[in-house]
>>> print(open('my_file.txt').read())   # compact mmCIF, C-alpha atoms
# COMPACT_ATOMS: atom_id res chain seq x y z
CA MET A 1 0.00 0.00 0.00
CA THR A 2 1.44 3.37 -0.96
CA THR A 3 1.03 6.61 0.93
CA SER A 4 0.26 9.82 -0.90
CA SER A 5 2.31 12.97 -0.47
CA SER A 6 -0.54 14.71 1.30
CA GLU A 7 -0.90 11.87 3.78
CA ARG A 8 2.82 12.10 4.59
CA GLY A 9 2.52 15.87 5.10
CA VAL A 10 4.86 16.58 2.17
CA SER A 11 4.25 19.78 0.23
CA LEU A 12 4.54 19.58 -3.55
CA GLY A 13 5.03 23.31 -3.82
CA MET A 14 1.47 24.04 -4.97
CA PRO A 15 0.37 27.60 -4.21
CA GLU A 16 -1.88 28.03 -1.19
CA LEU A 17 -5.42 29.12 -1.90
CA PRO A 18 -6.29 32.70 -0.91
CA ALA A 19 -7.48 33.08 2.66
CA PRO A 20 -11.24 33.38 3.10
CA GLY A 21 -12.62 36.73 4.21
CA PHE A 22 -14.58 37.49 7.34
CA PRO A 23 -18.37 37.17 7.20
CA ASP A 24 -19.97 40.44 6.13
CA ASP A 25 -21.30 41.36 9.57
CA VAL A 26 -17.94 40.67 11.24
CA ARG A 27 -16.05 42.60 8.57
CA THR A 28 -18.34 45.61 8.94
CA ARG A 29 -17.72 45.67 12.71
CA LEU A 30 -13.97 45.22 12.32
CA GLU A 31 -13.72 47.91 9.65
CA GLN A 32 -15.23 50.40 12.08
CA ASP A 33 -12.61 49.51 14.70
CA ALA A 34 -9.85 49.53 12.09
CA ARG A 35 -10.75 53.04 10.94
CA ALA A 36 -10.46 54.27 14.53
CA ILE A 37 -7.01 52.69 14.81
CA VAL A 38 -5.68 53.93 11.47
CA ALA A 39 -6.86 57.48 12.23
CA ARG A 40 -4.28 57.74 15.02
CA TYR A 41 -1.32 57.58 12.65
CA PRO A 42 -0.07 59.98 9.96
CA ASP A 43 1.10 56.95 7.97
CA SER A 44 -1.51 54.19 7.81
CA ARG A 45 1.20 51.51 7.66
CA SER A 46 2.08 52.34 11.28
CA ALA A 47 -1.29 50.94 12.33
CA LEU A 48 -0.30 47.38 11.47
CA LEU A 49 0.79 46.33 14.97
CA PRO A 50 -2.41 47.41 16.75
CA LEU A 51 -4.48 45.97 13.89
CA LEU A 52 -2.85 42.60 14.47
CA HIS A 53 -3.82 42.85 18.15
CA LEU A 54 -7.36 43.57 16.97
CA MET A 55 -7.27 40.35 14.95
CA GLN A 56 -6.22 38.44 18.06
CA ALA A 57 -9.04 40.05 19.99
CA GLU A 58 -11.45 38.70 17.37
CA GLU A 59 -10.15 35.18 16.83
CA GLY A 60 -7.69 34.50 19.65
CA HIS A 61 -4.74 34.36 17.26
CA VAL A 62 -3.71 35.86 13.93
CA THR A 63 -5.22 33.77 11.15
CA ARG A 64 -4.66 34.02 7.42
CA THR A 65 -8.05 35.70 7.24
CA GLY A 66 -6.88 38.27 9.78
CA MET A 67 -3.70 38.96 7.85
CA ARG A 68 -5.70 39.36 4.64
CA PHE A 69 -7.96 41.87 6.39
CA CYS A 70 -4.99 43.92 7.64
CA ALA A 71 -3.41 43.91 4.19
CA GLU A 72 -6.62 45.12 2.52
CA VAL A 73 -7.23 47.86 5.09
CA LEU A 74 -3.67 49.22 4.89
CA GLY A 75 -2.98 48.64 1.20
CA LEU A 76 -0.19 46.17 1.90
CA THR A 77 0.58 42.74 0.51
CA THR A 78 -0.17 39.69 2.60
CA ALA A 79 3.56 38.92 2.46
CA GLU A 80 4.33 42.23 4.20
CA VAL A 81 1.76 41.53 6.90
CA THR A 82 3.01 37.97 7.33
CA ALA A 83 6.59 39.21 7.76
CA VAL A 84 5.55 41.39 10.70
CA THR A 85 3.26 38.76 12.22
CA THR A 86 5.97 36.11 12.25
CA PHE A 87 8.64 38.49 13.57
CA TYR A 88 6.96 39.31 16.90
CA SER A 89 6.33 36.53 19.41
CA MET A 90 3.36 38.44 20.91
CA TYR A 91 1.30 37.47 17.87
CA ARG A 92 0.00 33.91 18.03
CA ARG A 93 -0.13 31.91 14.83
CA ARG A 94 -2.29 29.09 16.10
CA PRO A 95 -5.23 28.74 18.50
CA SER A 96 -4.28 29.39 22.10
CA GLY A 97 -5.87 29.48 25.52
CA ASP A 98 -7.82 32.10 27.41
CA TYR A 99 -4.75 32.61 29.58
CA GLN A 100 -1.21 32.85 28.25
CA VAL A 101 1.01 31.70 31.12
CA GLY A 102 4.58 32.78 30.47
CA VAL A 103 7.41 31.64 32.75
CA CYS A 104 10.59 33.68 32.64
CA THR A 105 13.57 31.38 32.06
CA ASN A 106 16.18 34.07 31.51
CA THR A 107 19.31 34.10 33.64
CA LEU A 108 18.19 35.55 36.97
CA CYS A 109 14.73 33.99 37.01
CA ALA A 110 16.22 30.65 35.96
CA VAL A 111 18.75 30.75 38.80
CA MET A 112 16.04 31.71 41.28
CA GLY A 113 13.80 28.84 40.18
CA GLY A 114 12.24 29.74 36.83
CA ASP A 115 13.43 26.57 35.14
CA ALA A 116 12.00 24.46 37.95
CA ILE A 117 8.67 26.31 37.69
CA PHE A 118 8.48 25.77 33.94
CA GLU A 119 9.28 22.07 34.21
CA SER A 120 6.76 21.67 37.03
CA LEU A 121 4.00 23.34 35.00
CA GLN A 122 4.74 21.24 31.92
CA GLU A 123 4.32 18.08 33.97
CA HIS A 124 1.31 19.41 35.90
CA LEU A 125 -0.58 20.60 32.80
CA GLY A 126 0.60 17.84 30.47
CA VAL A 127 1.68 20.30 27.76
CA GLY A 128 4.92 21.46 26.21
CA ASN A 129 6.18 24.90 25.35
CA GLY A 130 3.59 26.83 23.32
CA GLU A 131 0.94 24.17 23.80
CA THR A 132 -2.58 24.56 25.19
CA THR A 133 -4.47 22.45 27.69
CA ASP A 134 -7.35 20.33 26.39
CA ASP A 135 -9.95 22.61 27.99
CA GLY A 136 -8.59 25.61 26.05
CA LYS A 137 -7.89 27.55 29.23
CA VAL A 138 -4.11 27.76 29.52
CA THR A 139 -1.28 28.09 26.99
CA LEU A 140 2.14 27.58 28.55
CA GLU A 141 5.31 29.18 27.22
CA HIS A 142 8.73 30.14 28.43
CA ILE A 143 9.69 33.80 28.10
CA GLU A 144 13.20 35.16 27.83
CA CYS A 145 12.65 38.16 30.10
CA ASN A 146 9.70 39.73 31.89
CA ALA A 147 11.71 42.85 32.88
CA ALA A 148 11.05 42.28 36.57
CA CYS A 149 14.31 40.79 37.80
CA ASP A 150 13.97 42.14 41.33
CA PHE A 151 10.85 40.00 41.74
CA ALA A 152 12.41 36.82 40.33
CA PRO A 153 11.21 34.24 39.57
CA VAL A 154 8.35 35.85 37.69
CA VAL A 155 5.35 34.36 35.88
CA MET A 156 3.09 36.44 33.63
CA VAL A 157 -0.52 35.71 32.75
CA ASN A 158 -1.73 37.68 29.73
CA TRP A 159 1.19 40.03 30.47
CA GLU A 160 0.18 40.72 34.06
CA PHE A 161 2.78 40.06 36.78
CA PHE A 162 2.80 37.26 39.32
CA ASP A 163 5.97 37.83 41.32
CA ASN A 164 8.21 35.71 43.55
CA GLN A 165 6.75 32.43 42.35
CA THR A 166 7.61 28.85 43.28
CA PRO A 167 6.59 25.60 41.58
CA ALA A 168 3.83 25.15 44.15
CA THR A 169 2.39 28.66 43.81
CA ALA A 170 2.54 28.45 40.02
CA ARG A 171 0.64 25.15 40.01
CA ARG A 172 -2.05 26.63 42.21
CA LEU A 173 -2.20 29.64 39.91
CA VAL A 174 -2.94 27.61 36.78
CA ASP A 175 -5.41 25.41 38.69
CA ASP A 176 -7.34 28.51 39.73
CA LEU A 177 -7.34 29.79 36.16
CA ARG A 178 -8.69 26.51 34.82
CA ASP A 179 -11.34 26.27 37.55
CA GLY A 180 -12.61 29.80 36.93
CA ARG A 181 -11.62 31.18 40.32
CA THR A 182 -10.73 34.85 40.65
CA VAL A 183 -6.99 35.41 40.33
CA SER A 184 -5.37 38.74 41.18
CA PRO A 185 -1.95 39.75 39.79
CA THR A 186 0.71 40.87 42.22
CA ARG A 187 0.82 44.24 40.48
CA GLY A 188 -1.11 45.95 37.74
CA ALA A 189 -4.63 45.75 36.40
CA PRO A 190 -7.08 42.94 37.19
CA LEU A 191 -6.71 39.87 35.02
CA CYS A 192 -8.84 39.42 31.90
CA THR A 193 -8.88 36.92 29.04
CA PHE A 194 -6.35 36.92 26.23
CA LYS A 195 -8.89 38.27 23.74
CA GLU A 196 -9.83 41.09 26.10
CA THR A 197 -6.16 41.86 26.67
CA ALA A 198 -5.54 41.93 22.92
CA ARG A 199 -8.29 44.50 22.40
CA ILE A 200 -6.76 46.74 25.06
CA LEU A 201 -3.36 46.39 23.36
CA ALA A 202 -5.02 47.42 20.10
CA GLY A 203 -5.61 50.77 21.79
CA PHE A 204 -9.20 50.59 22.93
CA PRO A 205 -10.07 51.77 26.45
CA ASP A 206 -10.14 49.35 29.34
CA GLU A 207 -13.61 50.09 30.70
CA ARG A 208 -13.42 47.79 33.72
CA GLU A 209 -13.87 49.62 37.01
CA GLY A 210 -10.55 50.40 38.68
CA ALA A 211 -8.46 48.79 35.94
CA VAL A 212 -6.81 51.98 34.72
CA GLU A 213 -5.96 53.17 38.22
CA ALA A 214 -4.37 49.85 39.18
CA GLY A 215 -0.63 49.68 39.07
CA GLY A 216 2.50 48.58 40.85
CA GLY A 217 5.76 50.16 41.82
CA ALA A 218 9.30 49.05 41.20
CA GLY A 219 10.89 46.50 43.48
CA HIS A 220 13.30 47.25 46.29
CA ALA A 221 16.32 46.28 44.20
CA SER A 222 15.39 48.72 41.44
CA LEU A 223 14.72 51.51 43.93
CA GLU A 224 18.03 50.85 45.67
CA GLY A 225 19.80 51.17 42.33
CA LEU A 226 17.99 54.45 41.69
CA ARG A 227 19.03 55.80 45.08
CA LEU A 228 22.61 54.78 44.42
CA ALA A 229 22.54 56.52 41.02
CA LYS A 230 21.32 59.69 42.72
CA GLY A 231 24.08 59.50 45.31
CA GLU A 232 21.63 58.93 48.14
CA THR A 233 23.27 55.70 49.30
CA ALA A 234 26.71 55.36 50.83
CA PRO A 235 29.30 53.99 48.38
CA ALA A 236 29.70 50.24 48.47
CA ARG A 237 32.77 48.90 50.24
CA VAL A 238 35.11 46.43 48.61
CA VAL A 239 35.61 43.54 51.01
CA HIS A 240 37.83 40.51 51.12
CA PRO A 241 36.49 37.09 50.15
CA ARG A 242 35.43 34.88 53.03
CA ASP A 243 38.03 32.80 54.86
CA GLY A 244 38.62 29.30 53.65
CA GLY A 245 38.67 29.78 49.89
CA PRO A 246 41.70 29.43 47.58
CA HIS A 247 41.90 33.20 47.21
CA ASP A 248 41.97 33.57 50.99
CA GLU A 249 44.94 31.25 51.31
CA ALA A 250 46.90 33.10 48.66
CA GLN A 251 46.03 36.45 50.21
CA ASP A 252 47.08 35.20 53.64
CA ARG A 253 50.47 34.20 52.30
CA ASP A 254 50.91 37.58 50.69
CA ASP A 255 49.92 39.43 53.85
CA ARG A 256 52.37 37.67 56.14
CA THR A 257 55.69 39.36 56.88
CA PRO A 258 58.93 37.68 58.11
CA ASP A 259 58.77 39.46 61.44
CA SER A 260 55.06 39.01 62.03
CA GLY A 261 55.67 36.59 64.86
CA HIS A 262 53.16 34.11 63.54
CA ALA A 263 54.05 30.53 62.89
CA PRO A 264 53.39 29.20 59.36
CA GLY A 265 49.73 28.60 58.85
CA THR A 266 48.64 30.95 61.66
CA GLY A 267 49.02 34.30 59.94
CA THR A 268 46.23 36.86 59.90
CA ARG A 269 45.01 39.03 57.06
CA GLN A 270 46.18 42.63 57.05
CA ASN A 271 43.29 45.05 57.20
CA THR A 272 43.23 47.05 53.96
CA GLY A 273 39.87 48.74 54.60
CA THR A 274 38.93 51.68 56.73
CA GLY A 275 37.42 49.59 59.51
CA SER A 276 38.68 46.82 61.72
CA GLU A 277 36.42 44.07 60.32
CA THR A 278 38.01 40.82 59.23
CA ALA A 279 36.99 38.89 56.15
CA ALA A 280 34.82 36.55 58.18
CA GLU A 281 32.64 39.49 59.26
CA HIS A 282 31.79 40.49 55.69
CA ARG A 283 29.03 38.39 54.26
CA SER A 284 27.49 38.37 50.83
CA SER A 285 23.78 38.97 50.36
CA HIS A 286 23.66 35.42 49.02
CA ASP A 287 24.17 34.12 52.55
CA ALA A 288 20.67 35.25 53.49
CA PRO A 289 17.50 33.38 52.50
CA GLN A 290 15.95 35.00 49.45
CA ASP A 291 12.45 36.43 49.66
CA THR A 292 9.94 34.26 47.82
CA SER A 293 6.20 33.91 47.80
CA ALA A 294 6.56 30.85 50.00
CA SER A 295 8.88 32.35 52.59
CA ASP A 296 8.15 36.06 52.78
CA PRO A 297 4.66 37.16 53.91
CA ALA A 298 5.52 40.75 52.94
CA HIS A 299 5.76 39.76 49.27
CA PRO A 300 2.81 37.46 48.55
CA ALA A 301 2.18 36.13 45.07
CA GLY A 302 -1.51 36.28 44.30
CA PRO A 303 -3.74 33.61 45.85
CA ALA A 304 -0.88 31.31 46.82
CA ALA A 305 -0.48 29.97 50.32
CA GLU A 306 2.70 28.76 51.92
CA GLU A 307 4.49 26.15 49.85
CA GLY A 308 3.69 22.64 50.93
CA GLU A 309 0.15 23.40 52.07
>>> encode(input="my_file.txt", output="structure tokens")
Amino acid sequence: MTTSSSERGVSLGMPELPAPGFPDDVRTRLEQDARAIVARYPDSRSALLPLLHLMQAEEGHVTRTGMRFCAEVLGLTTAEVTAVTTFYSMYRRRPSGDYQVGVCTNTLCAVMGGDAIFESLQEHLGVGNGETTDDGKVTLEHIECNAACDFAPVVMVNWEFFDNQTPATARRLVDDLRDGRTVSPTRGAPLCTFKETARILAGFPDEREGAVEAGGGAGHASLEGLRLAKGETAPARVVHPRDGGPHDEAQDRDDRTPDSGHAPGTGTRQNTGTGSETAAEHRSSHDAPQDTSASDPAHPAGPAAEEGE
């Protein structure tokens, strides 16, 4: 028995049929929104990005029909629209869930537990990167950076922040989303669906009560850096490494003098700072437990309880 090329998923290079258009009633409604978007720009081509968000607000992702609509409204080719759509990861090319759950796996979040969170959610939800749960509620993806390093590890849901996460808090988060329970971001506006978020990103007002006023400040690490830049914080002191490391041993040998009176192996470090502290009294911030949603009540992460409960 032979298998045809189509059954094997092999393309023979035949041109793809033109994308179908929207139904007349849908197109009429979208054209009204599109005109409002295009009117904001002196060059209509600049309206392409918000128009693509409008397409996601309509269908949940950018379809070929949506790209055709954008091309016709702006007088572009579908190739030009496709080039932009495929360049930006914020535009989805296939059906996705009501909630886009993005786990930061960039350097700092990964070190603080982002990789463990992502792996835990993949196993818990039974999906891989960019895949959607069977109920259509959650699409899981890893994100390179959420620009919130002082709250690491960070998870975003439809681009709203959930800070200081752990595998346990993240699992509870997605369970609440799938069960329809109210979930509140750590900072920013109340959560809404991906389609609703896309319409807001297209530039239409968020008419939910209190949504516009909601917000969140920078974290303590960012504010400390700002104070340092303004000269409001005392200059950092350069300190010796802790005792016991290879560098310590070399430094000890260098600091000993022939007439120090110390037997070999019992020398002390010369104090090169302005104080009398020894190396053992200087400790790195990494010696202290890090604040997380499971260990620091002052920095809760949404509806999560203590890890292990």
>>> closest_residue(input="my_file.txt", among="A:Val155, A:Ala202, A:Cys149, A:Leu74", to="His220 in chain A", atoms="all atoms listed in the file")
A:Cys149
>>> residues_around(input="my_file.txt", residues="Gln56 in chain A", least_positions_apart="6", cutoff="9 Å", atoms="only C-alpha atoms", output="ChimeraX atom specification")
/A:62-63,66,91-92,194-195,198-199
>>> closest_residue(input="my_file.txt", among="A:Val84, A:Ala147, A:Leu191, A:Ala168", to="Asp98 in chain A", atoms="only C-alpha atoms")
A:Leu191
>>> atom_distance(input="my_file.txt", atom1="CA of Gly130 in chain A", atom2="CA of Phe118 in chain A")
11.7 Å
>>> closest_residue(input="my_file.txt", among="A:Ala36, A:Leu108, A:Ala189, A:Val183", to="Pro153 in chain A", atoms="only C-alpha atoms")
A:Leu108
>>> residues_around(input="my_file.txt", residues="Glu80 in chain A", least_positions_apart="3", cutoff="12 Å", atoms="only C-alpha atoms", output="count of residues only")
16
>>> closest_residue(input="my_file.txt", among="A:Ala218, A:Ala148, A:Met55, A:Cys192", to="Arg29 in chain A", atoms="only C-alpha atoms")
A:Met55
>>> decode(input="my_file.txt", residues="range 199-211 of chain A", atoms="all heavy atoms", output="PDB file, in the first residue's frame")
ATOM      1  N   ARG A 199      -7.533  43.313  22.797  1.00  0.00           N
ATOM      2  CA  ARG A 199      -8.287  44.503  22.401  1.00  0.00           C
ATOM      3  C   ARG A 199      -7.740  45.754  23.100  1.00  0.00           C
ATOM      4  O   ARG A 199      -7.662  46.835  22.504  1.00  0.00           O
ATOM      5  CB  ARG A 199      -9.775  44.326  22.702  1.00  0.00           C
ATOM      6  CG  ARG A 199     -10.617  45.511  22.202  1.00  0.00           C
ATOM      7  CD  ARG A 199     -12.098  45.240  22.239  1.00  0.00           C
ATOM      8  NE  ARG A 199     -12.856  46.418  21.794  1.00  0.00           N
ATOM      9  CZ  ARG A 199     -13.083  46.721  20.517  1.00  0.00           C
ATOM     10  NH1 ARG A 199     -12.633  45.922  19.559  1.00  0.00           N
ATOM     11  NH2 ARG A 199     -13.762  47.814  20.196  1.00  0.00           N
ATOM     12  N   ILE A 200      -7.366  45.615  24.352  1.00  0.00           N
ATOM     13  CA  ILE A 200      -6.758  46.745  25.061  1.00  0.00           C
ATOM     14  C   ILE A 200      -5.435  47.126  24.406  1.00  0.00           C
ATOM     15  O   ILE A 200      -5.122  48.313  24.211  1.00  0.00           O
ATOM     16  CB  ILE A 200      -6.556  46.394  26.544  1.00  0.00           C
ATOM     17  CG1 ILE A 200      -7.909  46.170  27.220  1.00  0.00           C
ATOM     18  CG2 ILE A 200      -5.779  47.490  27.265  1.00  0.00           C
ATOM     19  CD1 ILE A 200      -7.810  45.566  28.611  1.00  0.00           C
ATOM     20  N   LEU A 201      -4.634  46.123  24.030  1.00  0.00           N
ATOM     21  CA  LEU A 201      -3.355  46.388  23.364  1.00  0.00           C
ATOM     22  C   LEU A 201      -3.552  47.007  21.983  1.00  0.00           C
ATOM     23  O   LEU A 201      -2.667  47.699  21.475  1.00  0.00           O
ATOM     24  CB  LEU A 201      -2.546  45.096  23.251  1.00  0.00           C
ATOM     25  CG  LEU A 201      -2.016  44.530  24.567  1.00  0.00           C
ATOM     26  CD1 LEU A 201      -1.358  43.174  24.335  1.00  0.00           C
ATOM     27  CD2 LEU A 201      -1.025  45.494  25.210  1.00  0.00           C
ATOM     28  N   ALA A 202      -4.712  46.773  21.380  1.00  0.00           N
ATOM     29  CA  ALA A 202      -5.017  47.415  20.102  1.00  0.00           C
ATOM     30  C   ALA A 202      -5.295  48.900  20.270  1.00  0.00           C
ATOM     31  O   ALA A 202      -5.368  49.634  19.282  1.00  0.00           O
ATOM     32  CB  ALA A 202      -6.210  46.726  19.442  1.00  0.00           C
ATOM     33  N   GLY A 203      -5.445  49.345  21.531  1.00  0.00           N
ATOM     34  CA  GLY A 203      -5.614  50.766  21.791  1.00  0.00           C
ATOM     35  C   GLY A 203      -6.990  51.199  22.218  1.00  0.00           C
ATOM     36  O   GLY A 203      -7.255  52.400  22.318  1.00  0.00           O
ATOM     37  N   PHE A 204      -7.852  50.230  22.502  1.00  0.00           N
ATOM     38  CA  PHE A 204      -9.201  50.587  22.934  1.00  0.00           C
ATOM     39  C   PHE A 204      -9.246  50.664  24.459  1.00  0.00           C
ATOM     40  O   PHE A 204      -8.510  49.958  25.151  1.00  0.00           O
ATOM     41  CB  PHE A 204     -10.212  49.577  22.402  1.00  0.00           C
ATOM     42  CG  PHE A 204     -10.335  49.616  20.909  1.00  0.00           C
ATOM     43  CD1 PHE A 204      -9.643  48.717  20.107  1.00  0.00           C
ATOM     44  CD2 PHE A 204     -11.118  50.580  20.294  1.00  0.00           C
ATOM     45  CE1 PHE A 204      -9.732  48.763  18.727  1.00  0.00           C
ATOM     46  CE2 PHE A 204     -11.223  50.637  18.907  1.00  0.00           C
ATOM     47  CZ  PHE A 204     -10.527  49.733  18.124  1.00  0.00           C
ATOM     48  N   PRO A 205     -10.084  51.550  25.004  1.00  0.00           N
ATOM     49  CA  PRO A 205     -10.075  51.772  26.451  1.00  0.00           C
ATOM     50  C   PRO A 205     -10.443  50.524  27.244  1.00  0.00           C
ATOM     51  O   PRO A 205     -11.270  49.721  26.815  1.00  0.00           O
ATOM     52  CB  PRO A 205     -11.112  52.885  26.660  1.00  0.00           C
ATOM     53  CG  PRO A 205     -11.666  53.225  25.331  1.00  0.00           C
ATOM     54  CD  PRO A 205     -11.061  52.358  24.300  1.00  0.00           C
ATOM     55  N   ASP A 206      -9.788  50.398  28.392  1.00  0.00           N
ATOM     56  CA  ASP A 206     -10.143  49.349  29.341  1.00  0.00           C
ATOM     57  C   ASP A 206     -11.235  49.934  30.239  1.00  0.00           C
ATOM     58  O   ASP A 206     -10.975  50.771  31.098  1.00  0.00           O
ATOM     59  CB  ASP A 206      -8.913  48.967  30.169  1.00  0.00           C
ATOM     60  CG  ASP A 206      -9.164  47.756  31.053  1.00  0.00           C
ATOM     61  OD1 ASP A 206     -10.338  47.390  31.245  1.00  0.00           O
ATOM     62  OD2 ASP A 206      -8.183  47.176  31.560  1.00  0.00           O
ATOM     63  N   GLU A 207     -12.455  49.490  30.031  1.00  0.00           N
ATOM     64  CA  GLU A 207     -13.607  50.087  30.700  1.00  0.00           C
ATOM     65  C   GLU A 207     -13.956  49.405  32.007  1.00  0.00           C
ATOM     66  O   GLU A 207     -14.948  49.764  32.659  1.00  0.00           O
ATOM     67  CB  GLU A 207     -14.814  50.070  29.760  1.00  0.00           C
ATOM     68  CG  GLU A 207     -14.585  50.883  28.483  1.00  0.00           C
ATOM     69  CD  GLU A 207     -15.751  50.819  27.517  1.00  0.00           C
ATOM     70  OE1 GLU A 207     -16.661  49.982  27.770  1.00  0.00           O
ATOM     71  OE2 GLU A 207     -15.762  51.579  26.538  1.00  0.00           O
ATOM     72  N   ARG A 208     -13.145  48.458  32.449  1.00  0.00           N
ATOM     73  CA  ARG A 208     -13.415  47.794  33.720  1.00  0.00           C
ATOM     74  C   ARG A 208     -13.155  48.750  34.886  1.00  0.00           C
ATOM     75  O   ARG A 208     -12.173  49.489  34.882  1.00  0.00           O
ATOM     76  CB  ARG A 208     -12.548  46.540  33.857  1.00  0.00           C
ATOM     77  CG  ARG A 208     -12.845  45.466  32.811  1.00  0.00           C
ATOM     78  CD  ARG A 208     -11.840  44.340  32.904  1.00  0.00           C
ATOM     79  NE  ARG A 208     -10.485  44.814  32.642  1.00  0.00           N
ATOM     80  CZ  ARG A 208      -9.386  44.211  33.068  1.00  0.00           C
ATOM     81  NH1 ARG A 208      -9.484  43.112  33.807  1.00  0.00           N
ATOM     82  NH2 ARG A 208      -8.194  44.694  32.769  1.00  0.00           N
ATOM     83  N   GLU A 209     -13.993  48.710  35.872  1.00  0.00           N
ATOM     84  CA  GLU A 209     -13.874  49.622  37.006  1.00  0.00           C
ATOM     85  C   GLU A 209     -12.557  49.396  37.750  1.00  0.00           C
ATOM     86  O   GLU A 209     -12.232  48.276  38.147  1.00  0.00           O
ATOM     87  CB  GLU A 209     -15.052  49.421  37.961  1.00  0.00           C
ATOM     88  CG  GLU A 209     -15.054  50.391  39.127  1.00  0.00           C
ATOM     89  CD  GLU A 209     -16.265  50.200  40.030  1.00  0.00           C
ATOM     90  OE1 GLU A 209     -17.133  49.355  39.687  1.00  0.00           O
ATOM     91  OE2 GLU A 209     -16.342  50.887  41.060  1.00  0.00           O
ATOM     92  N   GLY A 210     -11.794  50.464  37.917  1.00  0.00           N
ATOM     93  CA  GLY A 210     -10.550  50.400  38.677  1.00  0.00           C
ATOM     94  C   GLY A 210      -9.359  49.871  37.908  1.00  0.00           C
ATOM     95  O   GLY A 210      -8.234  49.887  38.430  1.00  0.00           O
ATOM     96  N   ALA A 211      -9.566  49.410  36.682  1.00  0.00           N
ATOM     97  CA  ALA A 211      -8.464  48.790  35.943  1.00  0.00           C
ATOM     98  C   ALA A 211      -7.383  49.805  35.585  1.00  0.00           C
ATOM     99  O   ALA A 211      -6.183  49.522  35.688  1.00  0.00           O
ATOM    100  CB  ALA A 211      -8.992  48.107  34.686  1.00  0.00           C
TER     101      ALA A 211
END
